[in-house]
Each structure stands twice: as structure tokens, then as C-alpha cells.
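Asker: Provided herewith is a single structure, encoded as C-alpha cells, for subsequent inquiry.
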Amino acid sequence: MGKLTVLALRAVLVVLLAGSLFVQAVMVPLLGADLEGVDADLAYPPAAFLVTIALGIMTAQVVLVCVWRLVTMVRRGTVFSHAAFRYVHIVIGAIVAAALLMFTLGVLLAPGEAVAPGIVLLVGGVVVAILGVALIVLVLRMLLAQAVARDVEATQMQAELAEVI
């Protein structure tokens with residue numbers, strides 16, 4: 001990966017992380033203030049919604065930090081190692097946690113007359129989409145595992161060839 005690509009990706013990651021921190025620090029409290037007025041329509045207290053949303057944002061932040069670490073490993077040429085799996089596993093776990101939090105949001109929205117049933121159905125569709133992303137990352141993890149195995153095999157073959165020569 002070239003220097004320009006790494007720099008561009010890091011710039012995007014910084015913007016996304018700053019945006020998520022802004023949403024967490026400013027927008028979630030404003031949403032809490034707005035939810036206080038519709039408390040009678042909601043089946044659960046507004047704090048349950050706010051905690052779910054804040055935790056969902058945190059899962060995105062975890063993914064961004066792990067991608068940053070993986071980009072660093074790519075730049076150093078060490079991504080095809082067993083150390084990369086730790087970050088990939090964290091990404092998969094964060095994505096699954098995000099799906100569970102989105103499902104929780106759907107459960108919180110389902111009872112009562114606060115939102116239309118179609119909105120809850122859309123939230124369920126988003127859960128399926130998020131789980132689909134987790135499956136894609138799992139497939140990419142399998143590709144990484146194959147690449148690491150090939151790299152280890154190539155290193156062993158080079159060592160054997162060096163002994164012969």
C-alpha cells in the first residue's frame with residue numbers, strides 16, 4: 001500500500017473518529033433532551049435508548065481504531081502475521097456487538113405507539129445487514145489466515161533453499 005493511500009485512509013479514519021466523538025458528546029445528549037418530551041409515548045425510559053446508541057457508536061470507534069492498527073501493520077509490512085488476527089477478531093466482535101445493540105434498539109422501539117411498525121422492521125433489516133458485514137470480515141479473516149500460512153511456508157522454503165545453496 002502506497003504512502004498516499006495510507007495517508008488518505010488515515011485522514012478518513014480521523015474524520016470518522018472525530019465525527020463519532022462529536023455525535024457521542026453533543027448529539028446524544030441533545031437526543032436525550034428531545035426524548036424527555038416524548039417520555040409518555042415510549043415503553044422504556046429514554047436512558048435505555050441513549051445507552052444503546054452510545055454503545056453502538058463505541059463499537060464503530062473500536063472498529064476505526066483497529067483498522068488504524070491494521071493499516072499501520074500494512075505500512076510496516078507485518079500484516080501477514082498472527083498479530084493481525086487480534087485486531088481482526090476485535091473488529092468481528094465489535095460488528096456483532098453493533099448488530100446486537102441494533103437488535104436491542106428494535107426491541108426498545110417495538111412496544112407502544114412511539115414509532116410505526118415499519119420502522120422496527122427496518123431496524124431488523126439493518127441488523128441483518130450488520131451481520132452480513134461481520135460475515136464479510138470473517139471471510140476476509142480466512143483469506144488473511146491463508147496468506148499467513150503461505151507466508152510461513154514461503155519463509156520455510158527460502159530457509160531450506162538457503163541451506164542447499
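Each chain of the C-alpha cells is named A, B, ... in the order shown, its residues numbered from 1; ligands are numbered from 1 in display order.
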Residues at most 10 Å from Val79 in chain A, counting only C-alpha atoms, excluding those fewer than 3 positions away in the same chain, as a ChimeraX atom specification?

Answerer: /A:69-76,82-85,144,147-148

Asker: From a backbone DSSP assignment, name each residue in range 72-134 of chain A labelled alpha helix (DSSP H), as a ChimeraX atom specification.

Answerer: /A:72-76,83-109,117-134

Asker: If you count only C-alpha atoms, which residues fall within 10 Å of Gly125 in chain A, apart from same-chain ones fewer than 5 positions away, as a short mmCIF file (atom, residue, chain, number, x, y, z; two decimals) with C-alpha atoms, in the first residue's frame?

Answerer:
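Wrote part02.cif, looks like this:
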data_model
loop_
_atom_site.label_atom_id
_atom_site.label_comp_id
_atom_site.auth_asym_id
_atom_site.auth_seq_id
_atom_site.Cartn_x
_atom_site.Cartn_y
_atom_site.Cartn_z
CA MET A 102 -29.26 -2.53 16.90
CA PHE A 103 -31.50 -5.50 17.73
CA ILE A 119 -39.51 1.39 11.44
CA VAL A 120 -38.97 -1.62 13.69
CA ILE A 130 -24.66 -5.53 10.00
CA LEU A 131 -24.39 -9.29 10.49
#

Asker: Rank nothing, just name the residue among A:Cys66, A:Ala159, A:Leu122, A:Val128 nearest to His89 in chain A, using only C-alpha atoms.

Answerer: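 Checking each candidate against His89 in chain A, we get A:Cys66 as the closest.
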
Asker: Env of Leu109 in chain A: 8 Å cut, atoms = only C-alpha atoms, seq-sep filter 5 positions within chain, self excluded. Answer as an MDAnalysis selection string.

Answerer: chainID A and resid 42:43 114:115 120

Asker: Any idea what's packed within 7 Å of range 13-28 of chain A, counting only C-alpha atoms, ignoring anything in its chain fewer than 2 positions away? Could you give it as an NGL selection string?

Answerer: :A and (9-11 or 30-32 or 50 or 54 or 57 or 61 or 64)

Asker: Store the residues picked out above in a file with C-alpha atoms, as a short mmCIF file (atom, residue, chain, number, x, y, z; two decimals), in the first residue's frame.

Answerer:
data_model
loop_
_atom_site.label_atom_id
_atom_site.label_comp_id
_atom_site.auth_asym_id
_atom_site.auth_seq_id
_atom_site.Cartn_x
_atom_site.Cartn_y
_atom_site.Cartn_z
CA LEU A 9 -7.15 6.26 4.71
CA ARG A 10 -5.81 7.69 7.94
CA ALA A 11 -7.38 11.06 7.14
CA LEU A 30 -29.45 16.60 22.54
CA LEU A 31 -31.39 13.48 21.61
CA GLY A 32 -31.83 12.80 25.32
CA LEU A 50 -29.33 6.72 24.87
CA ALA A 54 -23.82 5.50 22.78
CA ILE A 57 -21.16 4.48 18.49
CA GLN A 61 -14.96 3.67 17.29
CA LEU A 64 -11.89 2.53 13.48
#

Asker: Using only C-alpha atoms, which residues sit within 7 Å of Ala134 in chain A once same-chain residues fewer than 5 positions away are excluded, as a PyMOL selection string?

Answerer: chain A and resi 92+95-96

Asker: Please compute the CA of Leu140 in chain A-CA of Gln156 in chain A distance, one decimal, in Å.

Answerer: 24.3 Å

Asker: Report, in Å to a single decimal, how far apart CA of Val139 in chain A and CA of Gly124 in chain A are.

Answerer: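 Going from CA of Gly124 in chain A over to CA of Val139 in chain A covers 23.0 Å.
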
Asker: Measuring atom to atom with only C-alpha atoms, identify which of A:Val127, A:Leu100, A:Leu143, A:Leu105 is nearest to Pro46 in chain A.

Answerer: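 Ranking A:Val127, A:Leu100, A:Leu143, A:Leu105 by distance to Pro46 in chain A, first place goes to A:Leu105.
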
Asker: Which residue is closest to Leu138 in chain A? Choose from A:Ile90, A:Met157, A:Ala98, A:Ile53 and count only C-alpha atoms.

Answerer: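 Result for the nearest residue to Leu138 in chain A: A:Ile90.
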
Asker: Which of these, A:Met58, A:Ala99, A:Met142, A:Ala149, has the shortest distance to Val126 in chain A once you count only C-alpha atoms?

Answerer: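 Selected residue with least distance to Val126 in chain A: A:Ala99.
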